[in-house]
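Note: the block below is target_36.tsv and it holds TSV, N, CA and C atoms.
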```tsv
chain	number	residue	atom	x	y	z
A	1	MET	N	79.23	-162.83	-59.89
A	1	MET	CA	80.08	-162.16	-58.93
A	1	MET	C	79.17	-161.39	-57.95
A	2	PRO	N	79.45	-161.46	-56.66
A	2	PRO	CA	78.63	-160.73	-55.69
A	2	PRO	C	78.71	-159.23	-55.93
A	3	GLU	N	77.62	-158.56	-55.64
A	3	GLU	CA	77.53	-157.13	-55.90
A	3	GLU	C	78.59	-156.33	-55.14
A	4	LYS	N	78.96	-156.77	-53.95
A	4	LYS	CA	79.96	-156.07	-53.14
A	4	LYS	C	81.35	-156.07	-53.79
A	5	GLN	N	81.61	-157.04	-54.65
A	5	GLN	CA	82.91	-157.15	-55.29
A	5	GLN	C	82.99	-156.40	-56.62
A	6	LEU	N	81.88	-155.87	-57.09
A	6	LEU	CA	81.88	-155.13	-58.35
A	6	LEU	C	82.53	-153.77	-58.16
A	7	LEU	N	83.18	-153.31	-59.21
A	7	LEU	CA	83.78	-151.99	-59.18
A	7	LEU	C	82.71	-150.92	-59.34
A	8	ALA	N	83.02	-149.74	-58.89
A	8	ALA	CA	82.09	-148.62	-59.01
A	8	ALA	C	81.88	-148.26	-60.48
A	9	ASP	N	80.73	-147.72	-60.78
A	9	ASP	CA	80.42	-147.26	-62.12
A	9	ASP	C	81.39	-146.15	-62.51
A	10	PRO	N	82.13	-146.30	-63.60
A	10	PRO	CA	83.12	-145.28	-63.98
A	10	PRO	C	82.51	-143.90	-64.20
A	11	SER	N	81.28	-143.84	-64.65
A	11	SER	CA	80.67	-142.52	-64.88
A	11	SER	C	80.47	-141.76	-63.58
A	12	SER	N	80.37	-142.47	-62.46
A	12	SER	CA	80.22	-141.77	-61.18
A	12	SER	C	81.55	-141.22	-60.69
A	13	GLN	N	82.64	-141.63	-61.33
A	13	GLN	CA	83.97	-141.18	-60.91
A	13	GLN	C	84.48	-139.99	-61.72
A	14	ILE	N	83.67	-139.51	-62.68
A	14	ILE	CA	84.10	-138.40	-63.53
A	14	ILE	C	84.30	-137.16	-62.67
A	15	SER	N	85.39	-136.51	-62.88
A	15	SER	CA	85.71	-135.30	-62.11
A	15	SER	C	84.80	-134.15	-62.51
A	16	LEU	N	84.38	-133.39	-61.50
A	16	LEU	CA	83.56	-132.21	-61.75
A	16	LEU	C	84.38	-131.04	-62.25
A	17	LYS	N	85.71	-131.22	-62.35
A	17	LYS	CA	86.58	-130.13	-62.80
A	17	LYS	C	86.24	-129.69	-64.21
A	18	ALA	N	85.75	-130.62	-65.02
A	18	ALA	CA	85.47	-130.29	-66.40
A	18	ALA	C	84.19	-129.48	-66.56
A	19	GLU	N	83.37	-129.46	-65.53
A	19	GLU	CA	82.12	-128.71	-65.61
A	19	GLU	C	82.40	-127.21	-65.61
A	20	SER	N	81.60	-126.50	-66.32
A	20	SER	CA	81.74	-125.04	-66.30
A	20	SER	C	81.14	-124.50	-65.02
A	21	ALA	N	81.53	-123.30	-64.63
A	21	ALA	CA	80.99	-122.68	-63.42
A	21	ALA	C	79.48	-122.51	-63.54
A	22	ALA	N	79.00	-122.18	-64.72
A	22	ALA	CA	77.56	-121.99	-64.90
A	22	ALA	C	76.81	-123.30	-64.71
A	23	PHE	N	77.34	-124.39	-65.27
A	23	PHE	CA	76.69	-125.68	-65.12
A	23	PHE	C	76.68	-126.12	-63.66
A	24	ARG	N	77.81	-125.93	-62.96
A	24	ARG	CA	77.87	-126.30	-61.54
A	24	ARG	C	76.89	-125.47	-60.73
A	25	GLU	N	76.75	-124.19	-61.06
A	25	GLU	CA	75.83	-123.33	-60.34
A	25	GLU	C	74.40	-123.81	-60.53
A	26	ARG	N	74.03	-124.16	-61.77
A	26	ARG	CA	72.67	-124.67	-62.02
A	26	ARG	C	72.45	-125.99	-61.29
A	27	ARG	N	73.47	-126.85	-61.27
A	27	ARG	CA	73.37	-128.12	-60.56
A	27	ARG	C	73.19	-127.91	-59.07
A	28	LEU	N	73.96	-126.97	-58.51
A	28	LEU	CA	73.84	-126.67	-57.09
A	28	LEU	C	72.46	-126.10	-56.76
A	29	ARG	N	71.98	-125.24	-57.61
A	29	ARG	CA	70.67	-124.62	-57.37
A	29	ARG	C	69.58	-125.68	-57.40
A	30	ALA	N	69.72	-126.69	-58.27
A	30	ALA	CA	68.71	-127.73	-58.40
A	30	ALA	C	68.74	-128.71	-57.23
A	31	THR	N	69.89	-128.92	-56.60
A	31	THR	CA	69.98	-129.93	-55.54
A	31	THR	C	69.77	-129.37	-54.15
A	32	THR	N	69.76	-128.06	-53.99
A	32	THR	CA	69.49	-127.47	-52.69
A	32	THR	C	68.43	-126.41	-52.84
A	33	GLN	N	67.82	-126.04	-51.75
A	33	GLN	CA	66.77	-125.03	-51.76
A	33	GLN	C	67.35	-123.68	-51.36
A	34	LEU	N	68.27	-123.18	-52.16
A	34	LEU	CA	68.88	-121.90	-51.87
A	34	LEU	C	67.99	-120.77	-52.37
A	35	ASP	N	67.92	-119.69	-51.59
A	35	ASP	CA	67.22	-118.52	-52.09
A	35	ASP	C	68.09	-117.87	-53.16
A	36	GLU	N	67.56	-116.85	-53.82
A	36	GLU	CA	68.27	-116.26	-54.95
A	36	GLU	C	69.61	-115.66	-54.55
A	37	ARG	N	69.66	-114.98	-53.38
A	37	ARG	CA	70.93	-114.37	-52.93
A	37	ARG	C	72.01	-115.42	-52.76
A	38	ASN	N	71.67	-116.54	-52.12
A	38	ASN	CA	72.66	-117.58	-51.86
A	38	ASN	C	73.06	-118.30	-53.14
A	39	ALA	N	72.12	-118.47	-54.07
A	39	ALA	CA	72.46	-119.08	-55.36
A	39	ALA	C	73.42	-118.19	-56.14
A	40	ILE	N	73.18	-116.89	-56.11
A	40	ILE	CA	74.08	-115.94	-56.78
A	40	ILE	C	75.45	-115.96	-56.12
A	41	PHE	N	75.47	-116.04	-54.79
A	41	PHE	CA	76.72	-116.12	-54.04
A	41	PHE	C	77.53	-117.35	-54.47
A	42	VAL	N	76.87	-118.50	-54.55
A	42	VAL	CA	77.56	-119.74	-54.95
A	42	VAL	C	78.15	-119.58	-56.35
A	43	ALA	N	77.37	-119.03	-57.27
A	43	ALA	CA	77.87	-118.84	-58.64
A	43	ALA	C	79.05	-117.88	-58.66
A	44	LEU	N	78.97	-116.80	-57.90
A	44	LEU	CA	80.06	-115.83	-57.85
A	44	LEU	C	81.34	-116.47	-57.32
A	45	MET	N	81.23	-117.24	-56.24
A	45	MET	CA	82.40	-117.88	-55.66
A	45	MET	C	83.01	-118.90	-56.62
A	46	LEU	N	82.16	-119.67	-57.30
A	46	LEU	CA	82.68	-120.63	-58.28
A	46	LEU	C	83.43	-119.91	-59.39
A	47	GLN	N	82.91	-118.79	-59.85
A	47	GLN	CA	83.55	-118.05	-60.92
A	47	GLN	C	84.85	-117.40	-60.45
A	48	LEU	N	84.85	-116.88	-59.23
A	48	LEU	CA	86.08	-116.27	-58.72
A	48	LEU	C	87.21	-117.29	-58.64
A	49	PHE	N	86.92	-118.46	-58.10
A	49	PHE	CA	87.96	-119.46	-57.92
A	49	PHE	C	88.32	-120.17	-59.22
A	50	SER	N	87.41	-120.20	-60.19
A	50	SER	CA	87.71	-120.88	-61.45
A	50	SER	C	88.73	-120.11	-62.28
A	51	ARG	N	89.01	-118.89	-61.94
A	51	ARG	CA	89.97	-118.06	-62.69
A	51	ARG	C	91.42	-118.37	-62.33
A	52	ALA	N	91.64	-119.14	-61.27
A	52	ALA	CA	93.00	-119.45	-60.82
A	52	ALA	C	93.38	-120.87	-61.24
A	53	ASP	N	94.68	-121.11	-61.36
A	53	ASP	CA	95.13	-122.48	-61.62
A	53	ASP	C	94.87	-123.31	-60.36
A	54	GLU	N	94.97	-124.63	-60.49
A	54	GLU	CA	94.59	-125.53	-59.40
A	54	GLU	C	95.38	-125.29	-58.12
A	55	LEU	N	96.68	-125.10	-58.22
A	55	LEU	CA	97.51	-124.90	-57.04
A	55	LEU	C	97.16	-123.57	-56.34
A	56	THR	N	96.99	-122.51	-57.12
A	56	THR	CA	96.62	-121.22	-56.55
A	56	THR	C	95.24	-121.28	-55.92
A	57	GLU	N	94.32	-121.96	-56.59
A	57	GLU	CA	92.96	-122.10	-56.04
A	57	GLU	C	93.00	-122.80	-54.69
A	58	LYS	N	93.78	-123.86	-54.59
A	58	LYS	CA	93.89	-124.59	-53.32
A	58	LYS	C	94.50	-123.69	-52.23
A	59	SER	N	95.51	-122.93	-52.58
A	59	SER	CA	96.12	-122.02	-51.62
A	59	SER	C	95.14	-120.94	-51.18
A	60	MET	N	94.36	-120.44	-52.13
A	60	MET	CA	93.37	-119.41	-51.79
A	60	MET	C	92.29	-119.98	-50.88
A	61	ARG	N	91.84	-121.19	-51.16
A	61	ARG	CA	90.84	-121.83	-50.29
A	61	ARG	C	91.41	-122.03	-48.89
A	62	ASN	N	92.67	-122.46	-48.79
A	62	ASN	CA	93.29	-122.64	-47.47
A	62	ASN	C	93.38	-121.32	-46.72
A	63	TRP	N	93.73	-120.24	-47.43
A	63	TRP	CA	93.79	-118.92	-46.81
A	63	TRP	C	92.42	-118.54	-46.25
A	64	LEU	N	91.37	-118.77	-47.03
A	64	LEU	CA	90.02	-118.47	-46.56
A	64	LEU	C	89.64	-119.31	-45.35
A	65	ILE	N	89.97	-120.59	-45.38
A	65	ILE	CA	89.67	-121.48	-44.25
A	65	ILE	C	90.35	-120.96	-42.99
A	66	ASN	N	91.61	-120.56	-43.12
A	66	ASN	CA	92.36	-120.06	-41.96
A	66	ASN	C	91.83	-118.73	-41.44
A	67	ASN	N	91.13	-117.97	-42.29
A	67	ASN	CA	90.65	-116.66	-41.89
A	67	ASN	C	89.14	-116.60	-41.65
A	68	LEU	N	88.46	-117.72	-41.76
A	68	LEU	CA	87.02	-117.74	-41.50
A	68	LEU	C	86.68	-117.34	-40.07
A	69	SER	N	87.59	-117.60	-39.16
A	69	SER	CA	87.31	-117.29	-37.76
A	69	SER	C	87.14	-115.79	-37.53
A	70	SER	N	87.58	-114.97	-38.47
A	70	SER	CA	87.41	-113.52	-38.32
A	70	SER	C	85.96	-113.10	-38.55
A	71	ILE	N	85.14	-114.00	-39.09
A	71	ILE	CA	83.73	-113.71	-39.30
A	71	ILE	C	82.97	-114.10	-38.02
A	72	ASN	N	82.26	-113.15	-37.47
A	72	ASN	CA	81.50	-113.41	-36.25
A	72	ASN	C	80.13	-113.98	-36.62
A	73	THR	N	80.01	-115.30	-36.49
A	73	THR	CA	78.75	-115.99	-36.74
A	73	THR	C	78.73	-117.28	-35.96
A	74	GLN	N	77.64	-118.00	-36.05
A	74	GLN	CA	77.50	-119.26	-35.31
A	74	GLN	C	78.55	-120.27	-35.74
A	75	GLU	N	78.99	-121.05	-34.79
A	75	GLU	CA	80.02	-122.07	-35.05
A	75	GLU	C	79.55	-123.07	-36.11
A	76	ARG	N	78.28	-123.42	-36.08
A	76	ARG	CA	77.74	-124.39	-37.05
A	76	ARG	C	77.85	-123.84	-38.47
A	77	ARG	N	77.58	-122.57	-38.64
A	77	ARG	CA	77.66	-121.95	-39.96
A	77	ARG	C	79.11	-121.89	-40.44
A	78	LEU	N	80.02	-121.56	-39.53
A	78	LEU	CA	81.44	-121.54	-39.89
A	78	LEU	C	81.92	-122.93	-40.28
A	79	SER	N	81.46	-123.92	-39.56
A	79	SER	CA	81.85	-125.30	-39.85
A	79	SER	C	81.35	-125.72	-41.24
A	80	GLN	N	80.13	-125.34	-41.57
A	80	GLN	CA	79.60	-125.69	-42.88
A	80	GLN	C	80.33	-124.94	-43.99
A	81	LEU	N	80.65	-123.69	-43.75
A	81	LEU	CA	81.44	-122.92	-44.73
A	81	LEU	C	82.81	-123.54	-44.91
A	82	ASN	N	83.41	-123.95	-43.81
A	82	ASN	CA	84.71	-124.61	-43.84
A	82	ASN	C	84.64	-125.87	-44.70
A	83	ASP	N	83.59	-126.67	-44.50
A	83	ASP	CA	83.42	-127.88	-45.30
A	83	ASP	C	83.26	-127.55	-46.78
A	84	ARG	N	82.54	-126.49	-47.06
A	84	ARG	CA	82.31	-126.06	-48.45
A	84	ARG	C	83.62	-125.62	-49.11
A	85	LEU	N	84.48	-124.98	-48.33
A	85	LEU	CA	85.76	-124.52	-48.88
A	85	LEU	C	86.75	-125.68	-49.06
A	86	ILE	N	86.69	-126.66	-48.17
A	86	ILE	CA	87.57	-127.82	-48.29
A	86	ILE	C	87.17	-128.64	-49.51
A	87	ASP	N	85.87	-128.90	-49.66
A	87	ASP	CA	85.37	-129.67	-50.80
A	87	ASP	C	84.60	-128.72	-51.70
A	88	LYS	N	85.23	-128.24	-52.74
A	88	LYS	CA	84.61	-127.21	-53.59
A	88	LYS	C	83.37	-127.71	-54.29
A	89	ASN	N	83.13	-129.02	-54.32
A	89	ASN	CA	81.94	-129.56	-54.95
A	89	ASN	C	80.80	-129.76	-53.96
A	90	ALA	N	81.06	-129.49	-52.69
A	90	ALA	CA	80.00	-129.61	-51.69
A	90	ALA	C	78.98	-128.50	-51.90
A	91	THR	N	77.75	-128.78	-51.53
A	91	THR	CA	76.70	-127.78	-51.69
A	91	THR	C	76.42	-127.09	-50.37
A	92	LEU	N	75.91	-125.89	-50.47
A	92	LEU	CA	75.46	-125.19	-49.27
A	92	LEU	C	74.15	-125.83	-48.82
A	93	GLN	N	74.04	-126.14	-47.55
A	93	GLN	CA	72.85	-126.79	-47.04
A	93	GLN	C	71.87	-125.82	-46.41
A	94	ILE	N	72.33	-124.62	-46.12
A	94	ILE	CA	71.46	-123.61	-45.51
A	94	ILE	C	71.67	-122.28	-46.20
A	95	ASN	N	70.69	-121.42	-46.06
A	95	ASN	CA	70.80	-120.07	-46.61
A	95	ASN	C	71.45	-119.17	-45.57
A	96	TYR	N	72.36	-118.33	-46.01
A	96	TYR	CA	73.04	-117.39	-45.14
A	96	TYR	C	72.46	-116.00	-45.33
A	97	ASP	N	72.55	-115.18	-44.28
A	97	ASP	CA	72.05	-113.81	-44.40
A	97	ASP	C	73.02	-112.98	-45.23
A	98	LEU	N	72.53	-111.87	-45.72
A	98	LEU	CA	73.28	-111.02	-46.63
A	98	LEU	C	74.58	-110.50	-46.01
A	99	VAL	N	74.56	-110.15	-44.73
A	99	VAL	CA	75.75	-109.62	-44.06
A	99	VAL	C	76.87	-110.66	-44.06
A	100	LEU	N	76.53	-111.91	-43.77
A	100	LEU	CA	77.53	-112.98	-43.77
A	100	LEU	C	78.08	-113.21	-45.18
A	101	LEU	N	77.20	-113.21	-46.17
A	101	LEU	CA	77.66	-113.39	-47.55
A	101	LEU	C	78.60	-112.26	-47.97
A	102	GLN	N	78.29	-111.04	-47.56
A	102	GLN	CA	79.16	-109.91	-47.87
A	102	GLN	C	80.54	-110.08	-47.23
A	103	LYS	N	80.57	-110.57	-46.00
A	103	LYS	CA	81.85	-110.78	-45.32
A	103	LYS	C	82.69	-111.84	-46.04
A	104	ILE	N	82.04	-112.87	-46.52
A	104	ILE	CA	82.76	-113.94	-47.23
A	104	ILE	C	83.29	-113.42	-48.57
A	105	VAL	N	82.49	-112.65	-49.28
A	105	VAL	CA	82.95	-112.07	-50.54
A	105	VAL	C	84.12	-111.12	-50.27
A	106	HIS	N	84.03	-110.35	-49.18
A	106	HIS	CA	85.13	-109.45	-48.82
A	106	HIS	C	86.42	-110.23	-48.53
A	107	LEU	N	86.30	-111.32	-47.77
A	107	LEU	CA	87.48	-112.17	-47.50
A	107	LEU	C	88.02	-112.75	-48.81
A	108	SER	N	87.12	-113.14	-49.70
A	108	SER	CA	87.55	-113.69	-50.99
A	108	SER	C	88.29	-112.65	-51.81
A	109	TYR	N	87.82	-111.41	-51.75
A	109	TYR	CA	88.51	-110.32	-52.45
A	109	TYR	C	89.90	-110.11	-51.83
A	110	MET	N	89.98	-110.18	-50.50
A	110	MET	CA	91.27	-110.03	-49.83
A	110	MET	C	92.26	-111.10	-50.28
A	111	VAL	N	91.78	-112.35	-50.38
A	111	VAL	CA	92.68	-113.43	-50.80
A	111	VAL	C	93.07	-113.24	-52.27
A	112	LEU	N	92.17	-112.76	-53.09
A	112	LEU	CA	92.53	-112.46	-54.48
A	112	LEU	C	93.63	-111.40	-54.54
A	113	CYS	N	93.51	-110.38	-53.70
A	113	CYS	CA	94.54	-109.34	-53.65
A	113	CYS	C	95.89	-109.93	-53.22
A	114	GLU	N	95.86	-110.84	-52.26
A	114	GLU	CA	97.09	-111.47	-51.77
A	114	GLU	C	97.78	-112.28	-52.87
A	115	TYR	N	97.00	-113.02	-53.64
A	115	TYR	CA	97.58	-113.94	-54.62
A	115	TYR	C	97.74	-113.36	-56.02
A	116	CYS	N	96.90	-112.37	-56.37
A	116	CYS	CA	96.94	-111.84	-57.74
A	116	CYS	C	97.36	-110.38	-57.80
A	117	GLY	N	97.30	-109.70	-56.67
A	117	GLY	CA	97.53	-108.25	-56.66
A	117	GLY	C	96.20	-107.53	-56.80
A	118	PRO	N	96.14	-106.29	-56.31
A	118	PRO	CA	94.87	-105.55	-56.30
A	118	PRO	C	94.28	-105.30	-57.69
A	119	ALA	N	95.09	-105.00	-58.66
A	119	ALA	CA	94.57	-104.71	-60.01
A	119	ALA	C	93.90	-105.95	-60.61
A	120	LYS	N	94.59	-107.09	-60.54
A	120	LYS	CA	94.03	-108.34	-61.07
A	120	LYS	C	92.81	-108.76	-60.26
A	121	ALA	N	92.84	-108.56	-58.94
A	121	ALA	CA	91.71	-108.92	-58.09
A	121	ALA	C	90.47	-108.13	-58.50
A	122	ASP	N	90.66	-106.82	-58.74
A	122	ASP	CA	89.54	-105.98	-59.22
A	122	ASP	C	89.00	-106.51	-60.54
A	123	GLN	N	89.91	-106.86	-61.42
A	123	GLN	CA	89.52	-107.37	-62.74
A	123	GLN	C	88.76	-108.68	-62.62
A	124	HIS	N	89.28	-109.62	-61.81
A	124	HIS	CA	88.61	-110.92	-61.62
A	124	HIS	C	87.23	-110.74	-61.01
A	125	LEU	N	87.13	-109.89	-60.00
A	125	LEU	CA	85.85	-109.67	-59.35
A	125	LEU	C	84.85	-109.04	-60.32
A	126	ALA	N	85.28	-108.04	-61.07
A	126	ALA	CA	84.39	-107.38	-62.04
A	126	ALA	C	83.91	-108.37	-63.10
A	127	GLN	N	84.82	-109.21	-63.62
A	127	GLN	CA	84.43	-110.19	-64.63
A	127	GLN	C	83.47	-111.23	-64.07
A	128	SER	N	83.72	-111.65	-62.83
A	128	SER	CA	82.84	-112.64	-62.19
A	128	SER	C	81.45	-112.06	-61.95
A	129	ILE	N	81.39	-110.82	-61.52
A	129	ILE	CA	80.10	-110.16	-61.30
A	129	ILE	C	79.35	-110.02	-62.62
A	130	LYS	N	80.07	-109.63	-63.66
A	130	LYS	CA	79.46	-109.47	-64.99
A	130	LYS	C	78.89	-110.80	-65.49
A	131	GLN	N	79.66	-111.87	-65.35
A	131	GLN	CA	79.19	-113.19	-65.76
A	131	GLN	C	78.02	-113.64	-64.91
A	132	ASN	N	78.06	-113.32	-63.62
A	132	ASN	CA	77.00	-113.72	-62.71
A	132	ASN	C	75.69	-113.00	-63.05
A	133	ARG	N	75.78	-111.76	-63.45
A	133	ARG	CA	74.58	-111.01	-63.85
A	133	ARG	C	73.93	-111.67	-65.08
A	134	ALA	N	74.75	-112.19	-65.96
A	134	ALA	CA	74.22	-112.85	-67.16
A	134	ALA	C	73.47	-114.13	-66.79
A	135	LEU	N	73.90	-114.79	-65.70
A	135	LEU	CA	73.24	-116.04	-65.29
A	135	LEU	C	71.92	-115.79	-64.57
A	136	SER	N	71.83	-114.66	-63.85
A	136	SER	CA	70.62	-114.44	-63.06
A	136	SER	C	69.54	-113.71	-63.79
```
Translate this file's structure into structure tokens.
Amino acid sequence: MPEKQLLADPSSQISLKAESAAFRERRLRATTQLDERNAIFVALMLQLFSRADELTEKSMRNWLINNLSSINTQERRLSQLNDRLIDKNATLQINYDLVLLQKIVHLSYMVLCEYCGPAKADQHLAQSIKQNRALS
């Protein structure tokens, strides 16, 4: 049978949903040249979003995408962030400065407050930070 007619390898179709946030963070760190701040940011974001069910996570990502324009930065960086939020398995291709990362974490906290309430948002953020400290 010609190679073009063969089906894709089933192992390449395995969903990354089953991966733990820590494993995904290590995988992301290995495939891109992120500095330590950006690697910690990626791990924190993965942990924050992994605490929600799939539907809520998708809604939260959409909220962030719709509100990214409130961050004053280069259009190229916003576009890449947008791509990262649309495809949660996409990797960051560039390192962002600390101010931009803080703004994104702040927006993420705002969306957590919207969907979970302030008390739960505080709890989720604190747990994610605690877990992230254990990884770094």
Check which residues of stretch 34-83 of chain A sit at most 7 Å from stretch 93-107 of chain A using only N, CA and C atoms, and return one row each with the closest pair of atoms and their distance in Å to one decimal, ordered by chain and rising number, as JSON lines.
```
{"residue": "A:Leu34", "atom": "CA", "partner": "A:Asn95", "partner_atom": "CA", "distance": 5.9}
{"residue": "A:Asp35", "atom": "N", "partner": "A:Asn95", "partner_atom": "CA", "distance": 5.8}
{"residue": "A:Asn38", "atom": "CA", "partner": "A:Tyr96", "partner_atom": "N", "distance": 5.9}
{"residue": "A:Leu64", "atom": "CA", "partner": "A:Leu107", "partner_atom": "C", "distance": 6.5}
{"residue": "A:Ile71", "atom": "CA", "partner": "A:Lys103", "partner_atom": "CA", "distance": 7.0}
```
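In this model, the gap between atom CA of A:Asn62 and atom CA of A:Arg84 comes to 11.5 Å.
The space between atom C of A:Lys120 and atom CA of A:Ser69 spans 24.7 Å.
Picture a line from atom C of A:Lys130 to atom N of A:Arg61; it runs 21.9 Å.
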8 Å per side around stretch 43-62 of chain A: axis-aligned box centre and edge lengths, as JSON:
```
{"center_x": 87.4, "center_y": -120.7, "center_z": -54.7, "size_x": 36.1, "size_y": 25.7, "size_z": 32.0}
```
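Counting only N, CA and C atoms, the residue from A:Ala119, A:Ser128, A:Gln47, A:Val111 that sits nearest to A:Trp63 is A:Val111.
Each of A:Ser79, A:Ala43, A:Glu36, A:Ile65 was compared to A:Asn132 using only N, CA and C atoms, and A:Ala43 turns out to be the nearest.
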Write out as a VMD selection string each polymer residue whose atoms come within 8 Å of A:Met60, counting all atoms listed in the file; drop sequence neighbours fewer than 6 positions from it.
chain A and resid 54 66 108 111 to 112 115
Write out as a short mmCIF file (atom, residue, chain, number, x, y, z; two decimals) with N, CA and C atoms, in the coordinates of the input each polymer residue whose atoms come within 7 Å of A:Leu48, counting all atoms listed in the file; drop sequence neighbours fewer than 3 positions from it.
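Generated output (out10.cif):
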```
data_model
loop_
_atom_site.label_atom_id
_atom_site.label_comp_id
_atom_site.auth_asym_id
_atom_site.auth_seq_id
_atom_site.Cartn_x
_atom_site.Cartn_y
_atom_site.Cartn_z
N ALA A 43 77.37 -119.03 -57.27
CA ALA A 43 77.87 -118.84 -58.64
C ALA A 43 79.05 -117.88 -58.66
N LEU A 44 78.97 -116.80 -57.90
CA LEU A 44 80.06 -115.83 -57.85
C LEU A 44 81.34 -116.47 -57.32
N MET A 45 81.23 -117.24 -56.24
CA MET A 45 82.40 -117.88 -55.66
C MET A 45 83.01 -118.90 -56.62
N ARG A 51 89.01 -118.89 -61.94
CA ARG A 51 89.97 -118.06 -62.69
C ARG A 51 91.42 -118.37 -62.33
N ALA A 52 91.64 -119.14 -61.27
CA ALA A 52 93.00 -119.45 -60.82
C ALA A 52 93.38 -120.87 -61.24
N HIS A 124 89.28 -109.62 -61.81
CA HIS A 124 88.61 -110.92 -61.62
C HIS A 124 87.23 -110.74 -61.01
N LEU A 125 87.13 -109.89 -60.00
CA LEU A 125 85.85 -109.67 -59.35
C LEU A 125 84.85 -109.04 -60.32
N SER A 128 83.72 -111.65 -62.83
CA SER A 128 82.84 -112.64 -62.19
C SER A 128 81.45 -112.06 -61.95
#
```
